file coords-v9.txt (compact mmCIF, C-alpha atoms and all ligand atoms)
# COMPACT_ATOMS: atom_id res chain seq x y z
CA MET K 337 27.52 6.62 49.28
CA GLU K 338 26.70 6.17 45.59
CA PHE K 339 23.97 8.07 43.79
CA GLN K 340 22.66 5.89 40.96
CA LYS K 341 20.96 7.17 37.85
CA SER K 342 17.36 6.12 37.32
CA LYS K 343 16.89 2.58 36.07
CA ARG K 344 14.63 4.04 33.38
CA LEU K 345 17.73 5.51 31.73
CA GLU K 346 19.75 2.31 31.64
CA PRO K 347 18.52 0.92 28.31
CA LEU K 348 18.57 4.35 26.63
CA LYS K 349 21.25 5.86 24.43
CA TYR K 350 21.84 9.01 22.44
CA ASP K 351 25.05 8.40 20.51
CA ILE K 352 25.15 11.74 18.67
CA ARG K 353 26.47 13.12 21.95
CA GLY K 354 27.47 9.75 23.43
CA PRO K 355 30.78 8.19 24.52
CA VAL K 356 32.62 8.76 21.22
CA TYR K 357 31.65 12.43 21.35
CA GLU K 358 33.08 12.57 24.90
CA LYS K 359 36.29 11.04 23.57
CA ALA K 360 36.43 13.77 20.87
CA LEU K 361 36.07 16.46 23.55
CA GLU K 362 38.90 14.83 25.49
CA LEU K 363 41.13 14.89 22.38
CA GLU K 364 40.31 18.57 21.88
CA SER K 365 41.20 19.30 25.50
CA GLN K 366 44.58 17.66 24.80
CA GLY K 367 45.15 20.16 21.98
CA TYR K 368 44.09 18.07 18.96
CA LYS K 369 41.95 19.65 16.25
CA VAL K 370 38.96 17.36 15.66
CA ILE K 371 36.90 17.65 12.46
CA ASN K 372 33.35 17.38 13.73
CA LEU K 373 31.12 15.71 11.17
CA ASN K 374 28.77 14.40 13.83
CA ILE K 375 26.08 16.96 14.45
CA GLY K 376 23.55 18.91 12.38
CA ASN K 377 24.28 22.30 13.90
CA PRO K 378 24.60 24.75 10.97
CA ALA K 379 25.52 28.09 12.63
CA PRO K 380 29.02 27.24 13.91
CA PHE K 381 30.02 26.40 10.33
CA GLY K 382 29.17 29.85 9.00
CA PHE K 383 25.56 29.06 8.06
CA ASP K 384 24.24 32.10 9.88
CA ALA K 385 20.61 32.58 10.85
CA PRO K 386 18.88 35.28 8.76
CA ASP K 387 19.63 38.76 10.16
CA GLU K 388 15.95 39.63 10.47
CA ILE K 389 15.42 36.77 12.95
CA VAL K 390 18.29 37.89 15.12
CA HIS K 391 17.04 41.47 14.87
CA ASP K 392 13.54 40.46 16.02
CA ILE K 393 14.88 38.72 19.09
CA ILE K 394 17.07 41.68 20.03
CA MET K 395 14.30 44.23 19.48
CA ASN K 396 11.80 42.23 21.53
CA ILE K 397 13.99 41.13 24.37
CA ARG K 398 12.30 43.52 26.81
CA ASN K 399 8.84 42.36 25.75
CA ALA K 400 9.99 38.81 26.35
CA GLN K 401 10.66 39.07 30.06
CA GLY K 402 7.49 37.38 31.21
CA TYR K 403 6.09 33.90 30.65
CA SER K 404 3.88 33.47 27.60
CA ASP K 405 0.78 31.34 27.17
CA SER K 406 1.72 27.65 27.57
CA ARG K 407 0.82 26.92 23.98
CA GLY K 408 2.97 29.86 22.85
CA LEU K 409 2.71 33.53 21.84
CA PHE K 410 -0.34 34.28 19.74
CA PRO K 411 1.56 35.89 16.78
CA ALA K 412 3.97 32.95 16.64
CA ARG K 413 1.14 30.43 16.57
CA LYS K 414 -0.80 32.55 14.08
CA ALA K 415 2.25 32.49 11.80
CA VAL K 416 2.49 28.69 12.05
CA MET K 417 -1.25 28.48 11.38
CA HIS K 418 -0.83 30.63 8.28
CA TYR K 419 2.04 28.39 7.20
CA THR K 420 -0.23 25.33 7.44
CA GLN K 421 -2.69 27.12 5.16
CA THR K 422 -0.02 27.82 2.54
CA LEU K 423 0.93 24.12 2.67
CA GLY K 424 -2.70 23.04 2.23
CA ILE K 425 -3.07 21.37 5.65
CA PRO K 426 -6.77 21.51 6.50
CA ASN K 427 -8.47 21.88 9.87
CA VAL K 428 -5.79 23.66 11.93
CA GLU K 429 -6.89 26.26 14.47
CA ILE K 430 -4.79 28.49 16.66
CA ASN K 431 -5.09 26.20 19.69
CA ASP K 432 -3.90 23.23 17.68
CA ILE K 433 -0.43 24.74 17.64
CA PHE K 434 2.10 24.35 20.46
CA ILE K 435 5.42 26.17 20.53
CA GLY K 436 8.30 24.42 22.28
CA ASN K 437 11.97 24.74 23.18
CA GLY K 438 12.91 23.10 19.92
CA VAL K 439 11.25 20.07 18.39
CA SER K 440 13.16 17.95 20.92
CA GLU K 441 11.02 19.10 23.83
CA LEU K 442 7.83 18.55 21.87
CA ILE K 443 8.79 15.03 20.79
CA LEU K 444 9.20 13.97 24.41
CA LEU K 445 6.07 15.84 25.46
CA SER K 446 3.99 14.23 22.70
CA MET K 447 5.04 10.78 23.91
CA GLN K 448 4.69 11.47 27.63
CA ALA K 449 1.17 12.75 27.12
CA LEU K 450 0.13 9.59 25.26
CA LEU K 451 1.82 6.45 26.45
CA ASN K 452 0.95 3.92 29.11
CA PRO K 453 3.40 1.16 30.07
CA GLY K 454 3.73 -1.31 27.21
CA ASP K 455 2.08 0.87 24.56
CA GLU K 456 3.91 0.57 21.28
CA ILE K 457 5.05 3.21 18.81
CA LEU K 458 6.40 2.31 15.38
CA VAL K 459 9.68 4.14 14.83
CA PRO K 460 11.81 4.00 11.66
CA SER K 461 15.10 2.12 11.59
CA PRO K 462 17.32 4.03 11.15
CA ASP K 463 15.78 6.91 13.09
CA TYR K 464 16.69 10.19 14.69
CA PRO K 465 17.37 8.52 18.04
CA LEU K 466 15.47 10.99 20.17
CA TRP K 467 12.29 9.32 18.92
CA THR K 468 13.27 5.90 20.23
CA THR K 469 14.49 7.26 23.56
CA SER K 470 11.41 9.45 24.03
CA VAL K 471 9.08 6.48 23.52
CA ALA K 472 11.07 4.38 25.99
CA LEU K 473 11.46 7.17 28.54
CA SER K 474 7.70 7.66 28.44
CA GLY K 475 7.15 4.02 29.39
CA GLY K 476 6.32 2.89 25.87
CA LYS K 477 7.93 0.29 23.68
CA PRO K 478 9.65 1.51 20.50
CA VAL K 479 9.09 -1.02 17.70
CA HIS K 480 11.28 -0.42 14.68
CA TYR K 481 10.14 -0.72 11.08
CA VAL K 482 12.74 -0.90 8.35
CA CYS K 483 13.56 1.80 5.85
CA ASP K 484 14.90 0.07 2.76
CA GLU K 485 18.23 1.25 1.38
CA ALA K 486 17.52 -0.56 -1.90
CA ALA K 487 14.36 1.52 -2.30
CA ASP K 488 16.06 4.89 -1.73
CA TRP K 489 15.46 4.45 1.98
CA ASN K 490 11.68 4.57 1.65
CA PRO K 491 9.83 2.80 4.49
CA ASP K 492 9.18 -0.90 3.89
CA LEU K 493 5.41 -0.86 4.21
CA ASP K 494 5.03 -4.64 4.51
CA ASP K 495 7.44 -4.61 7.42
CA LEU K 496 5.66 -1.63 8.96
CA GLU K 497 2.25 -3.24 8.69
CA SER K 498 3.49 -6.60 10.00
CA LYS K 499 4.63 -4.89 13.22
CA ILE K 500 1.25 -3.43 14.15
CA THR K 501 -0.25 -5.07 17.24
CA PRO K 502 -3.26 -4.27 19.44
CA ARG K 503 -0.84 -2.21 21.61
CA THR K 504 0.33 0.03 18.75
CA ARG K 505 -0.73 3.63 19.35
CA GLY K 506 1.10 5.51 16.64
CA LEU K 507 3.80 5.64 14.01
CA VAL K 508 6.68 8.04 13.48
CA LEU K 509 7.77 9.38 10.12
CA ILE K 510 10.87 11.50 9.59
CA ASN K 511 10.61 13.24 6.24
CA PRO K 512 13.00 14.57 4.92
CA ASN K 513 14.93 11.98 6.81
CA ASN K 514 17.72 12.17 9.30
CA PRO K 515 20.00 10.17 8.95
CA THR K 516 19.37 8.86 5.39
CA GLY K 517 18.55 12.08 3.48
CA ALA K 518 15.48 10.39 1.96
CA VAL K 519 12.44 12.41 0.89
CA TYR K 520 9.44 10.13 0.65
CA ASP K 521 7.31 9.67 -2.45
CA ARG K 522 3.74 10.88 -2.27
CA GLU K 523 2.44 7.39 -2.97
CA VAL K 524 4.33 5.95 0.00
CA LEU K 525 2.93 8.64 2.26
CA GLU K 526 -0.61 8.03 0.97
CA ARG K 527 -0.25 4.34 1.76
CA ILE K 528 1.09 5.04 5.25
CA ALA K 529 -1.84 7.39 5.88
CA ARG K 530 -4.31 4.65 4.89
CA ILE K 531 -2.51 2.08 7.10
CA ALA K 532 -2.66 4.45 10.07
CA GLU K 533 -6.33 5.24 9.46
CA THR K 534 -7.25 1.57 9.12
CA HIS K 535 -5.51 0.60 12.36
CA GLY K 536 -6.39 3.74 14.34
CA LEU K 537 -2.80 4.96 14.77
CA ILE K 538 -1.68 8.53 15.40
CA ILE K 539 0.85 9.77 12.86
CA PHE K 540 3.82 11.72 14.23
CA SER K 541 5.48 13.43 11.28
CA ASP K 542 8.85 15.05 11.97
CA GLU K 543 9.28 17.55 9.13
CA ILE K 544 11.99 19.75 10.62
CA TYR K 545 13.94 19.61 7.31
CA ASP K 546 10.96 20.36 5.06
CA LYS K 547 12.72 23.18 3.19
CA ILE K 548 16.11 21.46 2.83
CA LEU K 549 15.54 19.71 -0.50
CA TYR K 550 18.00 19.03 -3.33
CA ASP K 551 17.79 18.44 -7.08
CA GLY K 552 14.07 19.15 -7.45
CA ALA K 553 12.92 16.83 -4.64
CA VAL K 554 9.36 17.61 -3.55
CA HIS K 555 8.24 17.38 0.05
CA TYR K 556 4.62 16.42 0.73
CA PRO K 557 3.44 17.44 4.20
CA MET K 558 1.94 14.29 5.71
CA ALA K 559 -0.91 16.30 7.24
CA THR K 560 -2.23 17.14 3.76
CA LEU K 561 -2.84 13.43 3.17
CA VAL K 562 -4.37 12.39 6.51
CA HIS K 563 -8.13 12.63 7.01
CA ASP K 564 -9.40 10.00 9.39
CA THR K 565 -6.84 9.94 12.17
CA LEU K 566 -4.82 12.43 14.20
CA CYS K 567 -1.69 13.80 12.58
CA VAL K 568 0.95 15.59 14.65
CA THR K 569 3.48 17.55 12.59
CA PHE K 570 6.77 18.89 13.95
CA GLY K 571 8.78 21.83 12.57
CA GLY K 572 11.12 24.49 13.80
CA LEU K 573 13.86 27.08 13.44
CA SER K 574 16.92 24.90 14.00
CA LYS K 575 17.58 23.69 10.47
CA ASN K 576 15.59 25.69 7.89
CA TYR K 577 16.61 28.93 9.63
CA ARG K 578 20.00 27.78 11.00
CA ALA K 579 19.03 28.88 14.52
CA ALA K 580 19.44 25.64 16.49
CA GLY K 581 20.73 27.45 19.57
CA PHE K 582 17.64 29.62 19.86
CA ARG K 583 15.63 26.47 20.68
CA GLY K 584 12.40 27.18 18.79
CA GLY K 585 10.03 24.55 17.40
CA TRP K 586 6.34 23.87 16.92
CA MET K 587 3.88 21.01 16.88
CA ILE K 588 0.70 21.11 14.81
CA LEU K 589 -2.36 18.93 15.49
CA SER K 590 -4.54 18.22 12.47
CA GLY K 591 -6.80 15.59 10.95
CA ALA K 592 -9.36 13.75 13.08
CA LYS K 593 -8.86 15.75 16.26
CA GLN K 594 -12.34 14.73 17.45
CA TYR K 595 -10.89 11.32 18.43
CA ALA K 596 -8.11 12.91 20.46
CA LYS K 597 -9.78 15.19 23.03
CA SER K 598 -8.24 13.44 26.03
CA TYR K 599 -4.79 13.20 24.43
CA ILE K 600 -4.87 16.91 23.58
CA GLU K 601 -5.83 17.64 27.20
CA GLY K 602 -2.73 15.66 28.23
CA ILE K 603 -0.53 17.69 25.87
CA LEU K 604 -1.87 20.95 27.28
CA PHE K 605 -1.37 19.67 30.82
CA LEU K 606 2.32 18.92 30.20
CA ALA K 607 2.81 22.17 28.26
CA SER K 608 1.31 24.07 31.21
CA MET K 609 3.53 22.25 33.72
CA ARG K 610 6.62 23.62 32.01
CA LEU K 611 4.89 27.05 31.86
CA CYS K 612 6.02 28.05 28.36
CA ALA K 613 8.75 27.82 25.74
CA ASN K 614 11.51 30.42 25.87
CA VAL K 615 9.84 33.66 24.88
CA PRO K 616 12.56 35.67 23.05
CA THR K 617 12.75 33.05 20.33
CA GLN K 618 9.00 32.99 19.91
CA PHE K 619 9.22 36.58 18.70
CA ALA K 620 11.27 35.41 15.72
CA ILE K 621 8.87 32.76 14.43
CA GLN K 622 6.58 35.11 12.52
CA THR K 623 9.48 36.72 10.67
CA ALA K 624 11.14 33.37 10.03
CA LEU K 625 8.06 31.90 8.38
CA GLY K 626 6.95 35.08 6.64
CA GLY K 627 10.34 36.49 5.67
CA TYR K 628 12.78 35.77 2.87
CA GLN K 629 13.45 32.01 2.76
CA SER K 630 17.21 32.20 2.35
CA ILE K 631 17.55 28.43 2.82
CA LYS K 632 16.31 28.10 -0.76
CA ASP K 633 19.49 29.77 -2.04
CA LEU K 634 21.66 27.34 -0.08
CA VAL K 635 20.05 24.21 -1.54
CA LEU K 636 20.23 25.29 -5.20
CA PRO K 637 23.01 23.61 -7.23
CA THR K 638 24.95 26.88 -6.84
CA GLY K 639 24.31 27.01 -3.08
CA ARG K 640 26.81 26.06 -0.40
CA LEU K 641 24.76 23.21 1.09
CA HIS K 642 24.18 21.53 -2.26
CA LYS K 643 27.80 21.90 -3.31
CA GLN K 644 29.07 20.42 -0.06
CA MET K 645 26.58 17.55 -0.20
CA THR K 646 27.82 16.74 -3.72
CA LEU K 647 31.46 17.04 -2.68
CA VAL K 648 31.10 14.54 0.17
CA TYR K 649 28.85 12.22 -1.84
CA GLU K 650 31.28 12.08 -4.78
CA ARG K 651 34.43 11.70 -2.74
CA LEU K 652 33.00 9.03 -0.40
CA THR K 653 31.45 6.92 -3.15
CA ALA K 654 34.78 7.02 -5.04
CA ILE K 655 36.37 5.03 -2.18
CA PRO K 656 36.22 1.31 -3.02
CA GLY K 657 34.10 -0.48 -0.40
CA LEU K 658 31.82 2.49 0.32
CA SER K 659 28.40 3.10 -1.24
CA CYS K 660 25.70 5.62 -0.54
CA VAL K 661 22.24 6.67 -1.65
CA ARG K 662 22.47 10.30 -2.76
CA PRO K 663 20.49 12.47 -0.31
CA LYS K 664 17.42 14.30 -1.57
CA GLY K 665 17.08 16.41 1.58
CA ALA K 666 18.37 17.28 5.07
CA LEU K 667 22.03 17.62 6.13
CA TYR K 668 23.42 14.08 6.17
CA LEU K 669 24.71 11.11 4.21
CA PHE K 670 24.31 7.57 5.51
CA PRO K 671 26.96 5.52 3.67
CA LYS K 672 27.40 1.78 3.80
CA ILE K 673 30.74 0.10 4.41
CA ASP K 674 31.44 -3.28 2.84
CA LEU K 675 32.95 -4.79 6.00
CA THR K 676 34.42 -7.76 4.10
CA GLN K 677 36.99 -5.37 2.57
CA PHE K 678 38.35 -3.92 5.82
CA ASP K 679 39.97 -5.11 9.03
CA PHE K 680 37.62 -3.45 11.52
CA LYS K 681 34.65 -5.44 12.71
CA ASN K 682 31.72 -3.02 12.73
CA ASP K 683 30.50 0.59 12.56
CA GLU K 684 31.40 1.36 16.18
CA GLN K 685 34.97 0.24 15.80
CA PHE K 686 35.22 2.20 12.54
CA VAL K 687 34.01 5.40 14.22
CA PHE K 688 36.31 4.93 17.18
CA ASP K 689 39.39 4.13 15.05
CA LEU K 690 38.73 6.99 12.62
CA LEU K 691 38.60 9.38 15.57
CA SER K 692 41.71 7.96 17.23
CA GLU K 693 43.79 7.78 14.07
CA HIS K 694 42.61 10.83 12.09
CA LYS K 695 40.68 13.02 14.55
CA VAL K 696 37.54 12.94 12.43
CA LEU K 697 34.23 12.41 14.22
CA VAL K 698 31.18 10.73 12.63
CA VAL K 699 28.35 8.69 14.21
CA ALA K 700 27.87 4.90 13.89
CA GLY K 701 24.72 3.72 12.11
CA THR K 702 23.69 1.62 15.10
CA GLY K 703 23.48 4.92 17.03
CA PHE K 704 20.40 5.57 14.88
CA ASN K 705 18.86 2.25 15.87
CA TYR K 706 19.77 0.78 12.50
CA PHE K 707 19.62 -2.98 12.65
CA ARG K 708 22.79 -3.45 10.58
CA ASP K 709 26.25 -2.54 11.91
CA ASP K 710 27.84 -1.38 8.65
CA HIS K 711 26.71 2.24 8.19
CA PHE K 712 27.66 5.64 9.55
CA ARG K 713 26.22 9.13 9.39
CA ILE K 714 28.25 12.08 8.18
CA VAL K 715 27.30 15.77 8.22
CA PHE K 716 28.41 18.03 5.37
CA LEU K 717 28.27 21.40 7.14
CA PRO K 718 31.96 22.42 7.51
CA THR K 719 33.62 24.45 4.73
CA ALA K 720 34.50 22.75 1.43
CA GLU K 721 38.16 23.08 2.36
CA GLU K 722 37.67 21.27 5.65
CA LEU K 723 35.49 18.63 4.01
CA HIS K 724 38.21 17.94 1.42
CA LEU K 725 40.68 17.57 4.26
CA ALA K 726 38.32 15.15 5.99
CA MET K 727 37.83 13.18 2.77
CA ASN K 728 41.63 12.86 2.38
CA LYS K 729 41.68 11.38 5.87
CA PHE K 730 38.85 8.97 5.00
CA GLU K 731 40.79 7.79 1.94
CA ALA K 732 43.94 7.27 4.01
CA PHE K 733 41.97 5.46 6.73
CA PHE K 734 40.23 3.02 4.38
CA GLU K 735 43.46 2.32 2.46
CA ALA K 736 45.30 1.56 5.70
CA HIS K 737 42.53 -0.79 6.88
CA ARG K 738 41.88 -2.58 3.59
CA VAL K 739 42.42 -6.35 3.86
CA PRO K 740 44.78 -7.72 1.22
N1 LIG S 1 14.03 15.97 14.60
C1 LIG S 1 15.02 15.64 13.77
C2 LIG S 1 14.77 14.68 12.66
C3 LIG S 1 16.30 16.19 13.96
O1 LIG S 1 17.29 15.84 13.13
C4 LIG S 1 16.52 17.07 15.03
C5 LIG S 1 17.87 17.63 15.31
O2 LIG S 1 18.86 17.25 14.73
C6 LIG S 1 15.45 17.38 15.87
C7 LIG S 1 14.22 16.81 15.62
C8 LIG S 1 15.61 18.29 17.06
O3 LIG S 1 15.48 19.62 16.65
P1 LIG S 1 15.40 20.85 17.63
O4 LIG S 1 16.68 21.60 17.50
O5 LIG S 1 14.23 21.66 17.12
O6 LIG S 1 15.18 20.37 19.01
call {"tool": "encode", "arguments": {"input": "coords-v9.txt", "output": "structure tokens"}}
result
Amino acid sequence: MEFQKSKRLEPLKYDIRGPVYEKALELESQGYKVINLNIGNPAPFGFDAPDEIVHDIIMNIRNAQGYSDSRGLFPARKAVMHYTQTLGIPNVEINDIFIGNGVSELILLSMQALLNPGDEILVPSPDYPLWTTSVALSGGKPVHYVCDEAADWNPDLDDLESKITPRTRGLVLINPNNPTGAVYDREVLERIARIAETHGLIIFSDEIYDKILYDGAVHYPMATLVHDTLCVTFGGLSKNYRAAGFRGGWMILSGAKQYAKSYIEGILFLASMRLCANVPTQFAIQTALGGYQSIKDLVLPTGRLHKQMTLVYERLTAIPGLSCVRPKGALYLFPKIDLTQFDFKNDEQFVFDLLSEHKVLVVAGTGFNYFRDDHFRIVFLPTAEELHLAMNKFEAFFEAHRVP
């Protein structure tokens, strides 16, 4: 007897924890030390969550024994609502906020509540791959629009607009961006808002890195620029507050909600089916948003995140054959490899060989649904010492594979 996985899963992939990651685990089980530069999980690298968040969860653990409202605890939602006011997002009420087990759960829920078979969602290429898989798993068709490396990875608006069809229901923005580190210009966002309004598309704006900004980059919340269509904004504790394991995120509905009554009913239906998000973490949201924003210290030029981003950027771009747009936000670099200079054939082979030969794990660009096969994503969260070690290994790897 053979139990087969669902056919719905066959075309889907999630390479951040895919086959190469499994190979890394196998190497570790054989006693090798692998340098993991594959995942944006700050806490294990000494980027601790603020003490006051941890304290709140501990103090409230007894109060958190029961289910909460399906949308989330009132004080947590009130805190998110207050946050939208400080950002200047108009027209958000308490019931427009949904708390989830991380943004991940809410991304899937937002797609499942909306899509009918064949409905299309515009997703950036490269993307955070959960977006593509969530669209497909919900029966929709992900259609990728290009983000242009030559334009600091800003979305190519001509390409985006050319891909709109009568089946297009919405478009996804990831800003600040994973994997490219781009932070979009206000003008680009304004133009996207007008495109969405003209074509009646919902905007899904993933802003989970909205406080992780370098060198004076400014983040414009998309919802402040959208008036005549629905805007769904995603945020959470995992990155800004280094609490990825607590699984806390939120989704904010704003803009022209009057056009979305049925969709919002669908969201509430799915939120109710899963009863509620984990309650202990919800107790930390008010303190996280209202407390001291220690992430700001980490992204200053003197802060650990900024220093490590600069270290990896400078050392990687010093390797002949590698180039990279310097990140303005988030936790990643997305360098390009000039494949004509090396003996491996594409990003996947590069990632596999780097792991086999040097026990360093990164993720291939095609794992982010990038249409070219000559990029990879690298995380700069380990200590500076470990990153230097990794960069030495990169140098050795590229020298050994350089074609004469
Ligand atoms: N969105 C983006 C762009 C991400 O990079 C991630 C995690 O890496 C998520 C969403 C998922 O976050 P969460 O931990 O809140 O589920």
call {"tool": "residues_around", "arguments": {"input": "coords-v9.txt", "residues": "K:Leu509", "least_positions_apart": "6", "cutoff": "8 Å", "atoms": "all atoms listed in the file", "output": "JSON, numbers by chain"}}
result
{"K": [459, 460, 539, 540, 541, 542]}
call {"tool": "closest_residue", "arguments": {"input": "coords-v9.txt", "among": "K:Glu429, K:Asp463, K:Asp521, K:Asp488", "to": "ligand LIG 1 (chain S)", "atoms": "all atoms listed in the file"}}
result
K:Asp463
call {"tool": "closest_atom_pairs", "arguments": {"input": "coords-v9.txt", "of": "chain K", "to": "ligand LIG 1 (chain S)", "cutoff": "9 Å", "atoms": "all atoms listed in the file", "output": "Markdown table"}}
result
| residue | atom | partner | partner_atom | distance |
| --- | --- | --- | --- | --- |
| K:Ile375 | CA | S:LIG1 | O2 | 7.2 |
| K:Gly376 | CA | S:LIG1 | O2 | 5.5 |
| K:Asn377 | CA | S:LIG1 | O2 | 7.5 |
| K:Gly436 | CA | S:LIG1 | O5 | 8.3 |
| K:Asn437 | CA | S:LIG1 | O6 | 6.8 |
| K:Gly438 | CA | S:LIG1 | O5 | 3.4 |
| K:Val439 | CA | S:LIG1 | O5 | 3.6 |
| K:Ser440 | CA | S:LIG1 | O6 | 3.7 |
| K:Glu441 | CA | S:LIG1 | O6 | 6.5 |
| K:Leu442 | CA | S:LIG1 | O6 | 8.1 |
| K:Ile443 | CA | S:LIG1 | C7 | 7.7 |
| K:Asp463 | CA | S:LIG1 | C2 | 7.8 |
| K:Tyr464 | CA | S:LIG1 | C2 | 5.3 |
| K:Pro465 | CA | S:LIG1 | C2 | 8.6 |
| K:Leu466 | CA | S:LIG1 | C7 | 7.5 |
| K:Trp467 | CA | S:LIG1 | N1 | 8.1 |
| K:Ile510 | CA | S:LIG1 | C2 | 5.9 |
| K:Asn511 | CA | S:LIG1 | C2 | 7.8 |
| K:Pro512 | CA | S:LIG1 | C2 | 7.9 |
| K:Asn513 | CA | S:LIG1 | C2 | 6.4 |
| K:Asn514 | CA | S:LIG1 | C2 | 5.1 |
| K:Pro515 | CA | S:LIG1 | O1 | 7.5 |
| K:Asp542 | CA | S:LIG1 | N1 | 5.9 |
| K:Glu543 | CA | S:LIG1 | C2 | 7.1 |
| K:Ile544 | CA | S:LIG1 | N1 | 5.9 |
| K:Tyr545 | CA | S:LIG1 | C2 | 7.3 |
| K:Phe570 | CA | S:LIG1 | N1 | 7.9 |
| K:Gly571 | CA | S:LIG1 | O5 | 7.1 |
| K:Gly572 | CA | S:LIG1 | O5 | 5.4 |
| K:Leu573 | CA | S:LIG1 | O5 | 6.6 |
| K:Ser574 | CA | S:LIG1 | O4 | 4.8 |
| K:Lys575 | CA | S:LIG1 | O4 | 7.4 |
| K:Ala579 | CA | S:LIG1 | O4 | 8.2 |
| K:Ala580 | CA | S:LIG1 | O4 | 5.0 |
| K:Gly581 | CA | S:LIG1 | O4 | 7.4 |
| K:Phe582 | CA | S:LIG1 | O4 | 8.4 |
| K:Arg583 | CA | S:LIG1 | O4 | 5.9 |
| K:Gly584 | CA | S:LIG1 | O5 | 6.1 |
| K:Gly585 | CA | S:LIG1 | O5 | 5.1 |
| K:Trp586 | CA | S:LIG1 | O5 | 8.2 |
| K:Ala666 | CA | S:LIG1 | O1 | 8.3 |
| K:Leu667 | CA | S:LIG1 | O1 | 8.6 |
call {"tool": "residues_around", "arguments": {"input": "coords-v9.txt", "residues": "stretch 450-457 of chain K", "least_positions_apart": "5", "cutoff": "8 Å", "atoms": "only C-alpha atoms", "output": "PyMOL selection string"}}
result
chain K and resi 471+474-479+503-508+599+602
call {"tool": "residues_around", "arguments": {"input": "coords-v9.txt", "residues": "K:Thr676", "least_positions_apart": "5", "cutoff": "10 Å", "atoms": "all atoms listed in the file", "output": "PyMOL selection string"}}
result
chain K and resi 657+681+738-739
call {"tool": "atom_distance", "arguments": {"input": "coords-v9.txt", "atom1": "atom CA of K:Thr623", "atom2": "atom CA of K:Val562"}}
result
28.3 Å
call {"tool": "atom_distance", "arguments": {"input": "coords-v9.txt", "atom1": "atom CA of K:Val390", "atom2": "atom CA of K:Ile433"}}
result
23.0 Å
call {"tool": "closest_residue", "arguments": {"input": "coords-v9.txt", "among": "K:Tyr357, K:Phe339, K:Tyr481, K:Tyr577", "to": "K:Ala379", "atoms": "only C-alpha atoms"}}
result
K:Tyr577
call {"tool": "residues_around", "arguments": {"input": "coords-v9.txt", "residues": "K:Gln629", "least_positions_apart": "4", "cutoff": "12 Å", "atoms": "only C-alpha atoms", "output": "JSON, numbers by chain"}}
result
{"K": [385, 386, 387, 388, 389, 547, 548, 573, 576, 577, 578, 623, 624, 625, 633, 634, 635]}
call {"tool": "closest_residue", "arguments": {"input": "coords-v9.txt", "among": "K:Leu669, K:Ala412, K:Leu725, K:Ala487", "to": "K:Gly626", "atoms": "only C-alpha atoms"}}
result
K:Ala412
call {"tool": "residues_around", "arguments": {"input": "coords-v9.txt", "residues": "stretch 641-652 of chain K", "least_positions_apart": "5", "cutoff": "7 Å", "atoms": "only C-alpha atoms", "output": "PyMOL selection string"}}
result
chain K and resi 550+634-636+658+662+716+720+727
call {"tool": "atom_distance", "arguments": {"input": "coords-v9.txt", "atom1": "atom CA of K:Leu690", "atom2": "atom CA of K:Tyr368"}}
result
13.8 Å
call {"tool": "residues_near_point", "arguments": {"input": "coords-v9.txt", "point": "(34.4, 2.6, -1.1)", "cutoff": "10 Å", "atoms": "all atoms listed in the file", "output": "MDAnalysis selection string"}}
result
chainID K and resid 651:660 671:674 677 730:731 734:735
call {"tool": "closest_residue", "arguments": {"input": "coords-v9.txt", "among": "K:Thr516, K:Ser590, K:Thr719, K:Ser630", "to": "K:Pro557", "atoms": "all atoms listed in the file"}}
result
K:Ser590
call {"tool": "closest_residue", "arguments": {"input": "coords-v9.txt", "among": "K:Val519, K:Ala613, K:Val370, K:Ala592", "to": "K:Ala532", "atoms": "all atoms listed in the file"}}
result
K:Ala592
call {"tool": "closest_residue", "arguments": {"input": "coords-v9.txt", "among": "K:Asn372, K:Leu345, K:Glu338, K:Phe383", "to": "K:Leu691", "atoms": "all atoms listed in the file"}}
result
K:Asn372
call {"tool": "axis_aligned_box", "arguments": {"input": "coords-v9.txt", "around": "stretch 404-423 of chain K", "padding_each_side": "8 Å", "output": "JSON"}}
result
{"center_x": 0.6, "center_y": 30.0, "center_z": 15.1, "size_x": 22.7, "size_y": 27.8, "size_z": 41.1}
call {"tool": "build_atoms", "arguments": {"input": "coords-v9.txt", "residues": "stretch 469-474 of chain K", "atoms": "N, CA and C atoms", "output": "PDB file, keeping the file's coordinate frame"}}
result
ATOM      1  N   THR K 469      14.299   7.036  22.117  1.00  0.00           N
ATOM      2  CA  THR K 469      14.490   7.260  23.560  1.00  0.00           C
ATOM      3  C   THR K 469      13.260   7.907  24.179  1.00  0.00           C
ATOM      4  N   SER K 470      12.591   8.779  23.448  1.00  0.00           N
ATOM      5  CA  SER K 470      11.410   9.450  24.030  1.00  0.00           C
ATOM      6  C   SER K 470      10.275   8.453  24.262  1.00  0.00           C
ATOM      7  N   VAL K 471      10.111   7.519  23.337  1.00  0.00           N
ATOM      8  CA  VAL K 471       9.080   6.480  23.520  1.00  0.00           C
ATOM      9  C   VAL K 471       9.420   5.677  24.773  1.00  0.00           C
ATOM     10  N   ALA K 472      10.675   5.234  24.867  1.00  0.00           N
ATOM     11  CA  ALA K 472      11.070   4.380  25.990  1.00  0.00           C
ATOM     12  C   ALA K 472      11.008   5.139  27.320  1.00  0.00           C
ATOM     13  N   LEU K 473      11.473   6.375  27.314  1.00  0.00           N
ATOM     14  CA  LEU K 473      11.460   7.170  28.540  1.00  0.00           C
ATOM     15  C   LEU K 473      10.035   7.439  29.015  1.00  0.00           C
ATOM     16  N   SER K 474       9.104   7.424  28.089  1.00  0.00           N
ATOM     17  CA  SER K 474       7.700   7.660  28.440  1.00  0.00           C
ATOM     18  C   SER K 474       6.985   6.361  28.828  1.00  0.00           C
TER      19      SER K 474
END
